[in-house]
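A.B. asks: Next comes the structure file query_1.txt, holding compact mmCIF, C-alpha atoms and all ligand atoms.
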```
# COMPACT_ATOMS: atom_id res chain seq x y z
CA MET A 5 10.15 -14.84 -18.69
CA ASN A 6 9.14 -18.12 -17.06
CA ARG A 7 6.64 -17.46 -14.34
CA SER A 8 4.80 -20.75 -14.37
CA GLN A 9 5.01 -21.43 -10.65
CA LEU A 10 2.35 -19.46 -8.89
CA LEU A 11 3.42 -19.01 -5.28
CA TYR A 12 0.52 -16.95 -4.01
CA ALA A 13 -2.62 -15.31 -5.36
CA GLY A 14 -3.93 -12.45 -3.24
CA LYS A 15 -7.07 -10.40 -3.84
CA ALA A 16 -5.46 -8.18 -6.48
CA LYS A 17 -1.95 -9.48 -7.12
CA SER A 18 -0.37 -12.82 -8.01
CA VAL A 19 3.18 -13.72 -7.05
CA TYR A 20 5.26 -16.12 -9.16
CA ARG A 21 8.66 -17.68 -8.71
CA SER A 22 11.25 -16.29 -11.13
CA GLU A 23 14.07 -18.30 -12.70
CA VAL A 24 16.44 -15.98 -10.81
CA PRO A 25 17.01 -17.05 -7.20
CA GLU A 26 15.83 -14.54 -4.58
CA GLU A 27 13.66 -12.70 -7.10
CA LEU A 28 9.91 -12.97 -7.48
CA ILE A 29 7.49 -11.72 -10.12
CA VAL A 30 4.42 -9.77 -9.05
CA SER A 31 1.51 -9.39 -11.43
CA PHE A 32 -1.03 -6.66 -10.63
CA ARG A 33 -4.43 -8.01 -11.67
CA ASP A 34 -7.59 -6.10 -12.58
CA ASP A 35 -9.58 -7.62 -9.70
CA ILE A 36 -10.89 -5.15 -7.17
CA THR A 37 -12.42 -6.11 -3.83
CA ALA A 38 -13.77 -4.28 -0.80
CA PHE A 39 -15.42 -5.01 2.54
CA ASP A 40 -13.36 -8.10 3.35
CA GLY A 41 -14.03 -9.55 -0.12
CA GLY A 42 -17.80 -8.91 0.18
CA LYS A 43 -17.75 -6.73 -2.96
CA LYS A 44 -15.74 -7.86 -6.00
CA ASP A 45 -15.35 -6.78 -9.59
CA ILE A 46 -12.91 -6.65 -12.46
CA ILE A 47 -11.91 -3.21 -13.66
CA VAL A 48 -9.97 -3.69 -16.87
CA GLY A 49 -6.81 -1.56 -16.76
CA LYS A 50 -6.72 -1.06 -13.00
CA GLY A 51 -3.78 -3.46 -12.46
CA ALA A 52 -1.55 -1.50 -14.83
CA PHE A 53 -2.32 1.81 -13.10
CA ASN A 54 -1.53 0.36 -9.66
CA ALA A 55 1.66 -1.31 -10.92
CA ARG A 56 2.85 1.92 -12.54
CA ILE A 57 2.28 4.14 -9.52
CA SER A 58 3.72 1.53 -7.12
CA ALA A 59 6.87 1.25 -9.22
CA PHE A 60 7.18 5.02 -9.32
CA PHE A 61 6.79 5.39 -5.54
CA PHE A 62 9.14 2.50 -4.77
CA SER A 63 11.84 4.01 -7.02
CA TYR A 64 11.31 7.45 -5.54
CA LEU A 65 11.52 6.14 -1.98
CA GLU A 66 14.66 4.08 -2.78
CA GLU A 67 16.27 7.26 -4.12
CA HIS A 68 15.41 8.86 -0.78
CA GLY A 69 17.00 6.15 1.36
CA ILE A 70 14.06 3.79 2.02
CA PRO A 71 14.92 0.14 1.24
CA THR A 72 12.19 -1.52 -0.88
CA HIS A 73 11.64 -4.86 -2.57
CA PHE A 74 11.27 -3.26 -6.02
CA ILE A 75 13.78 -4.19 -8.73
CA ARG A 76 12.18 -3.34 -12.09
CA MET A 77 9.08 -3.49 -14.25
CA THR A 78 8.93 -6.08 -17.02
CA ASP A 79 5.65 -4.99 -18.55
CA GLU A 80 2.92 -2.54 -17.65
CA ARG A 81 1.41 -4.74 -14.92
CA THR A 82 4.38 -6.84 -13.86
CA MET A 83 7.29 -6.12 -11.56
CA VAL A 84 10.34 -8.06 -10.42
CA VAL A 85 10.93 -7.82 -6.68
CA ARG A 86 13.36 -9.16 -4.08
CA GLU A 87 12.09 -12.26 -2.32
CA LEU A 88 11.38 -11.43 1.32
CA THR A 89 9.87 -13.17 4.30
CA MET A 90 6.76 -11.08 4.74
CA ILE A 91 5.83 -9.73 8.16
CA PRO A 92 2.07 -10.30 8.56
CA LEU A 93 1.22 -6.73 9.59
CA GLU A 94 -0.68 -3.97 7.83
CA VAL A 95 0.93 -0.70 8.86
CA ILE A 96 -1.58 2.09 8.38
CA VAL A 97 -0.52 5.73 8.57
CA ARG A 98 -3.33 8.20 9.08
CA ASN A 99 -2.97 11.94 8.50
CA ARG A 100 -6.70 12.57 8.81
CA ALA A 101 -9.57 10.51 10.15
CA ALA A 102 -11.50 8.43 7.61
CA GLY A 103 -12.78 4.90 7.18
CA SER A 104 -12.57 2.37 9.99
CA ILE A 105 -11.05 4.79 12.52
CA VAL A 106 -14.17 6.97 12.28
CA ARG A 107 -16.48 3.97 12.58
CA ARG A 108 -14.67 2.61 15.63
CA TYR A 109 -13.67 5.74 17.57
CA PRO A 110 -15.24 9.16 18.16
CA PHE A 111 -13.27 11.07 15.50
CA GLN A 112 -14.85 13.45 12.98
CA GLU A 113 -14.39 12.47 9.32
CA GLY A 114 -11.49 14.57 7.98
CA GLN A 115 -10.14 15.50 11.44
CA VAL A 116 -6.41 16.16 11.18
CA PHE A 117 -4.01 13.96 13.18
CA SER A 118 -0.91 15.89 14.15
CA PRO A 119 1.31 13.99 14.56
CA PRO A 120 0.04 11.29 12.20
CA VAL A 121 -1.46 8.18 13.82
CA ILE A 122 0.02 4.76 13.06
CA VAL A 123 -2.27 1.76 13.43
CA MET A 124 -1.14 -1.82 12.91
CA ASP A 125 -3.45 -4.68 11.95
CA TYR A 126 -2.57 -8.37 12.13
CA LYS A 127 -2.87 -9.66 8.57
CA ASP A 128 -5.12 -12.70 8.75
CA ASP A 129 -8.24 -12.91 6.57
CA THR A 130 -9.78 -15.65 8.71
CA ARG A 131 -9.62 -13.28 11.71
CA HIS A 132 -10.58 -10.19 9.67
CA ASP A 133 -7.23 -8.45 10.21
CA PRO A 134 -7.66 -7.44 13.87
CA MET A 135 -5.93 -4.33 15.19
CA ILE A 136 -2.77 -5.30 17.09
CA ASN A 137 -0.45 -3.56 19.56
CA GLU A 138 3.24 -3.64 20.45
CA ASP A 139 2.90 -6.23 23.24
CA LEU A 140 0.90 -8.58 21.01
CA ILE A 141 3.36 -8.15 18.12
CA CYS A 142 6.22 -9.13 20.45
CA ALA A 143 4.22 -11.96 22.08
CA LEU A 144 3.50 -13.40 18.62
CA GLY A 145 7.21 -13.18 17.84
CA LEU A 146 6.60 -11.04 14.74
CA LEU A 147 9.02 -8.21 15.58
CA THR A 148 11.25 -7.06 18.42
CA ARG A 149 10.51 -3.74 20.11
CA GLU A 150 13.47 -2.25 18.30
CA GLU A 151 12.13 -3.48 14.94
CA ILE A 152 8.72 -1.98 15.73
CA GLN A 153 10.45 1.38 16.23
CA THR A 154 12.34 0.90 12.94
CA ILE A 155 9.06 0.24 11.12
CA ARG A 156 7.33 3.21 12.76
CA LYS A 157 10.19 5.49 11.70
CA LEU A 158 10.18 4.13 8.14
CA ALA A 159 6.39 4.54 7.96
CA LEU A 160 6.59 8.17 9.09
CA THR A 161 9.41 8.95 6.66
CA ILE A 162 7.47 7.32 3.81
CA ASN A 163 4.45 9.37 4.86
CA ARG A 164 6.45 12.61 4.68
CA HIS A 165 7.70 11.82 1.18
CA LEU A 166 4.31 10.74 -0.17
CA THR A 167 2.46 13.60 1.50
CA ASP A 168 4.84 16.12 -0.10
CA LEU A 169 4.60 14.52 -3.54
CA PHE A 170 0.79 14.54 -3.46
CA SER A 171 0.54 17.94 -1.85
CA ASN A 172 2.56 19.50 -4.70
CA LYS A 173 -0.19 18.29 -7.05
CA GLY A 174 -3.10 19.51 -4.96
CA LEU A 175 -3.95 16.12 -3.44
CA ASP A 176 -4.25 15.32 0.27
CA LEU A 177 -2.98 11.94 1.42
CA ILE A 178 -5.52 10.99 4.09
CA ASP A 179 -4.17 7.54 4.97
CA PHE A 180 -2.36 4.58 3.46
CA LYS A 181 -1.43 0.99 4.23
CA ILE A 182 2.02 -0.49 3.74
CA GLU A 183 3.62 -3.86 4.41
CA PHE A 184 7.17 -4.86 5.19
CA GLY A 185 9.30 -7.98 4.80
CA ARG A 186 12.67 -9.25 5.92
CA SER A 187 15.78 -10.20 4.02
CA GLY A 188 18.22 -11.53 6.62
CA ASP A 189 18.22 -8.91 9.35
CA LYS A 190 17.11 -6.10 7.02
CA ILE A 191 13.53 -4.81 6.91
CA LEU A 192 12.34 -3.61 3.51
CA LEU A 193 9.16 -1.95 2.25
CA ALA A 194 7.20 -4.49 0.16
CA ASP A 195 3.74 -5.16 -1.33
CA GLU A 196 2.39 -2.08 -3.15
CA ILE A 197 1.65 1.61 -2.75
CA SER A 198 -1.34 2.33 -4.93
CA MET A 199 -4.82 3.82 -5.10
CA ASP A 200 -6.09 0.48 -3.73
CA SER A 201 -4.17 1.01 -0.49
CA MET A 202 -4.59 4.72 0.24
CA ARG A 203 -7.14 7.50 0.61
CA LEU A 204 -6.51 10.57 -1.49
CA TRP A 205 -8.74 13.62 -1.57
CA ASP A 206 -8.65 16.38 -4.15
CA ARG A 207 -7.88 19.48 -2.07
CA GLU A 208 -10.20 21.76 -4.09
CA THR A 209 -13.23 19.53 -4.48
CA GLY A 210 -12.79 17.00 -1.66
CA ALA A 211 -13.42 14.22 -4.21
CA SER A 212 -11.98 10.79 -3.47
CA LEU A 213 -9.42 9.53 -5.99
CA ASP A 214 -8.88 6.06 -4.54
CA LYS A 215 -10.63 2.78 -3.77
CA ASP A 216 -13.40 4.62 -1.89
CA VAL A 217 -14.74 5.49 -5.38
CA TYR A 218 -15.33 1.75 -5.77
CA ARG A 219 -16.33 1.00 -2.17
CA PHE A 220 -19.06 3.64 -2.10
CA ASP A 221 -20.00 3.86 -5.80
CA LYS A 222 -18.76 7.43 -6.02
CA GLY A 223 -18.11 7.39 -9.78
CA ASP A 224 -15.81 5.88 -12.37
CA VAL A 225 -12.98 4.01 -10.60
CA LEU A 226 -10.74 3.67 -13.64
CA SER A 227 -10.86 7.39 -14.46
CA ALA A 228 -10.04 8.27 -10.84
CA TYR A 229 -7.02 5.94 -10.90
CA ALA A 230 -5.97 7.19 -14.34
CA GLN A 231 -6.15 10.78 -13.12
CA VAL A 232 -3.84 10.09 -10.15
CA VAL A 233 -1.30 8.28 -12.33
CA LYS A 234 -1.37 11.10 -14.88
CA MET A 235 -0.83 13.71 -12.15
CA MET A 236 1.89 11.84 -10.26
CA VAL A 237 3.98 9.73 -12.65
CA PRO A 238 6.18 11.62 -15.11
CA GLU A 239 5.59 10.86 -18.83
CA GLY A 240 8.03 8.23 -20.07
CA TYR A 241 8.58 6.72 -16.61
CA GLY A 242 8.80 2.92 -16.49
CA VAL A 243 8.36 0.37 -19.28
O1 LIG B 301 -10.38 0.53 6.21
P1 LIG B 301 -9.46 1.48 6.88
O2 LIG B 301 -10.04 2.83 7.06
O3 LIG B 301 -8.86 0.92 8.14
O4 LIG B 301 -8.23 1.65 5.87
C1 LIG B 301 -7.17 2.55 6.10
C2 LIG B 301 -6.31 2.63 4.84
O5 LIG B 301 -5.63 1.41 4.62
C3 LIG B 301 -7.13 2.88 3.58
O6 LIG B 301 -6.37 3.70 2.72
C4 LIG B 301 -7.31 1.51 2.98
O7 LIG B 301 -7.46 1.56 1.58
C5 LIG B 301 -6.01 0.83 3.39
N1 LIG B 301 -6.20 -0.61 3.62
C6 LIG B 301 -5.66 -1.52 2.73
N2 LIG B 301 -5.82 -2.85 2.92
C7 LIG B 301 -6.47 -3.32 4.00
C8 LIG B 301 -7.03 -2.42 4.93
C9 LIG B 301 -6.87 -1.07 4.70
O8 LIG B 301 -5.03 -1.12 1.75
N3 LIG B 301 -6.60 -4.63 4.17
```
Could I get this structure in the form of structure tokens?
Ligand code: C5P

C.D. replies:
Amino acid sequence: MNRSQLLYAGKAKSVYRSEVPEELIVSFRDDITAFDGGKKDIIVGKGAFNARISAFFFSYLEEHGIPTHFIRMTDERTMVVRELTMIPLEVIVRNRAAGSIVRRYPFQEGQVFSPPVIVMDYKDDTRHDPMINEDLICALGLLTREEIQTIRKLALTINRHLTDLFSNKGLDLIDFKIEFGRSGDKILLADEISMDSMRLWDRETGASLDKDVYRFDKGDVLSAYAQVVKMMVPEGYGV
């Protein structure tokens, strides 16, 4: 497959033009970063784990009525996706308090949010992804109020599906970040859903099985990611 034209290289994924119009190729790299790029490493094998679990979740969500950009995997770290116009928002769903929400507001680590809390950040590295609200999103012309409601509903439905899947395996989904894009007037789930973009705690031990292992040097990142993939993705799924 010809993927010579690099369109965009993010912190952990590269996006290439495909020879098929309206399709793009996403390569999940082994780079890992944290703290706004302040900590960086290469964890060989990480990209394949994130690609595999993202593909599995995208397919699962599609089967349950959520439109996504995912088309297929071409190898263990590469997926073909629909080309979208990305909406520069990070939509974060929080089931329990952890990370930045605990640093910025008087919540206790682990405190349950019922109903879940949705936070949106404006995706702009130069501005350090500031938190944004509905009025600002409309003022910037990113979404209409109706589209914000559509995204909130999608985010909560995705949360219900993922929470159930993890819960059945003894894992608690603490929070996760998703991104959306447009194709015409349709809004689709895009980007990735992986251990890089969520917090997952083992219900028995409380151990982190996500990027916090890397952020806070809590142990072996690759084995944590491998464990989640092994628990969640059926044998024989994918390429
Ligand atoms: O850092 P914070 O606590 O706000 O992150 C909330 C969730 O969103 C975490 O699961 C984190 O991994 C994810 N996130 C992300 N990409 C960002 C910011 C947060 O995947 N740029």

A.B. asks: Restricting the calculation to all atoms listed in the file: of A:Ser118, A:Asn137, A:Thr37, A:Gln112, which residue gets closest to ligand LIG 301 (chain B)?

C.D. replies: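 Among A:Ser118, A:Asn137, A:Thr37, A:Gln112, it is A:Thr37 that comes nearest to ligand LIG 301 (chain B).
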
A.B. asks: Ligand LIG 301 (chain B): which residues are within 7 Å, counting all atoms listed in the file? Reply as a list in words.

C.D. replies: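 I would give the residues around ligand LIG 301 (chain B) as Glu94, Ile96, Ala102, Gly103, Ser104, Ile105, Asp179, Phe180, Lys181, Asp200, Ser201, Met202, Arg203 and Lys215 of chain A.
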
A.B. asks: Limited to C-alpha atoms, could you put the picked residues into a file as a tab-separated table (two decimals), keeping the file's coordinate frame?

C.D. replies:
```tsv
chain	number	residue	atom	x	y	z
A	94	GLU	CA	-0.68	-3.97	7.83
A	96	ILE	CA	-1.58	2.09	8.38
A	102	ALA	CA	-11.50	8.43	7.61
A	103	GLY	CA	-12.78	4.90	7.18
A	104	SER	CA	-12.57	2.37	9.99
A	105	ILE	CA	-11.05	4.79	12.52
A	179	ASP	CA	-4.17	7.54	4.97
A	180	PHE	CA	-2.36	4.58	3.46
A	181	LYS	CA	-1.43	0.99	4.23
A	200	ASP	CA	-6.09	0.48	-3.73
A	201	SER	CA	-4.17	1.01	-0.49
A	202	MET	CA	-4.59	4.72	0.24
A	203	ARG	CA	-7.14	7.50	0.61
A	215	LYS	CA	-10.63	2.78	-3.77
```

A.B. asks: With distances taken over only C-alpha atoms, which residue among A:Glu196, A:Gly188, A:Ile182, A:Phe61 lies nearest A:Pro238?

C.D. replies: A:Phe61

A.B. asks: Identify which of the residues A:Phe39, A:Asp176, A:Val84, A:Leu158 lies closest to A:Asp216, counting only C-alpha atoms when measuring atom-to-atom distances.

C.D. replies: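 That would be A:Phe39, the residue with the smallest distance to A:Asp216.
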
A.B. asks: Using all atoms listed in the file, find the one residue out of A:Leu169, A:Ala38, A:Ile155, A:Ile57 that sits nearest to A:Asp221.

C.D. replies: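 Among A:Leu169, A:Ala38, A:Ile155, A:Ile57, it is A:Ala38 that comes nearest to A:Asp221.
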
A.B. asks: Taking all atoms listed in the file into account, name the residue in A:Val225, A:Leu88, A:Leu177, A:Ile191 that is nearest to A:Ile152.

C.D. replies: A:Ile191

A.B. asks: So which residues touch A:Gln115 within 9 Å, counting only C-alpha atoms, skipping near sequence neighbours fewer than 5 positions away, as a ChimeraX atom specification?

C.D. replies: /A:99-102

A.B. asks: Please determine, counting only C-alpha atoms, which residue among A:Lys50, A:Arg98, A:Arg156, A:Arg86 has the shortest atom-to-atom distance to A:Pro119.

C.D. replies: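 That would be A:Arg98, the residue with the smallest distance to A:Pro119.
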
A.B. asks: Show me the residues close to (14.8, -3.4, -0.6) - anything with an atom within 7 Å, counting only C-alpha atoms - and format the list as a list of chain:residue names.

C.D. replies: A:Pro71, A:Thr72, A:His73, A:Phe74, A:Arg86, A:Leu192, A:Leu193

A.B. asks: Next, write the just-selected residues to a file, as a PDB file, in the coordinates of the input, keeping C-alpha atoms as the atom set.

C.D. replies:
```pdb
ATOM      1  CA  PRO A  71      14.920   0.140   1.240  1.00  0.00           C
ATOM      2  CA  THR A  72      12.190  -1.520  -0.880  1.00  0.00           C
ATOM      3  CA  HIS A  73      11.640  -4.860  -2.570  1.00  0.00           C
ATOM      4  CA  PHE A  74      11.270  -3.260  -6.020  1.00  0.00           C
ATOM      5  CA  ARG A  86      13.360  -9.160  -4.080  1.00  0.00           C
ATOM      6  CA  LEU A 192      12.340  -3.610   3.510  1.00  0.00           C
ATOM      7  CA  LEU A 193       9.160  -1.950   2.250  1.00  0.00           C
TER       8      LEU A 193
END
```

A.B. asks: Quick check, in Å to one decimal: how far apart do atom CA of A:Thr130 and atom CA of A:Lys15 lie?

C.D. replies: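 Rounded to one decimal, the two atoms are 13.9 Å apart.
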
A.B. asks: Figure out the distance between atom CA of A:Phe170 and atom CA of A:Lys222, please, to one decimal in Å.

C.D. replies: 21.0 Å

A.B. asks: Pick out the residues sitting within 9 Å of A:Thr148, and hand them over as JSON, numbers by chain; count only C-alpha atoms, and ignore anything fewer than 6 positions along from it in its own chain.

C.D. replies: {"A": [138, 141, 142]}

A.B. asks: Near A:Val30, counting only C-alpha atoms, which residues have an atom at most 6 Å away, once you skip same-chain residues fewer than 3 positions from it, shown as a ChimeraX atom specification?

C.D. replies: /A:18-19,82-83

A.B. asks: Put those residues in a file: C-alpha atoms, as a PDB file, in the coordinates of the input.

C.D. replies:
```pdb
ATOM      1  CA  SER A  18      -0.370 -12.820  -8.010  1.00  0.00           C
ATOM      2  CA  VAL A  19       3.180 -13.720  -7.050  1.00  0.00           C
ATOM      3  CA  THR A  82       4.380  -6.840 -13.860  1.00  0.00           C
ATOM      4  CA  MET A  83       7.290  -6.120 -11.560  1.00  0.00           C
TER       5      MET A  83
END
```

A.B. asks: Within 7 Å of A:Leu93, counting all atoms listed in the file, which residues qualify if same-chain residues fewer than 3 places away don't, as a list in words?

C.D. replies: Met124, Asp125, Tyr126, Lys127 and Glu183 of chain A

A.B. asks: Hey, what's within 6 Å of A:Asp214 if we count all atoms listed in the file and toss same-chain stuff fewer than 3 positions away? As an MDAnalysis selection string, please?

C.D. replies: chainID A and resid 199 203:204 217

A.B. asks: Between atom CA of A:Asp79 and atom CA of A:Ile162, what is the distance, to one decimal in Å?

C.D. replies: 25.6 Å
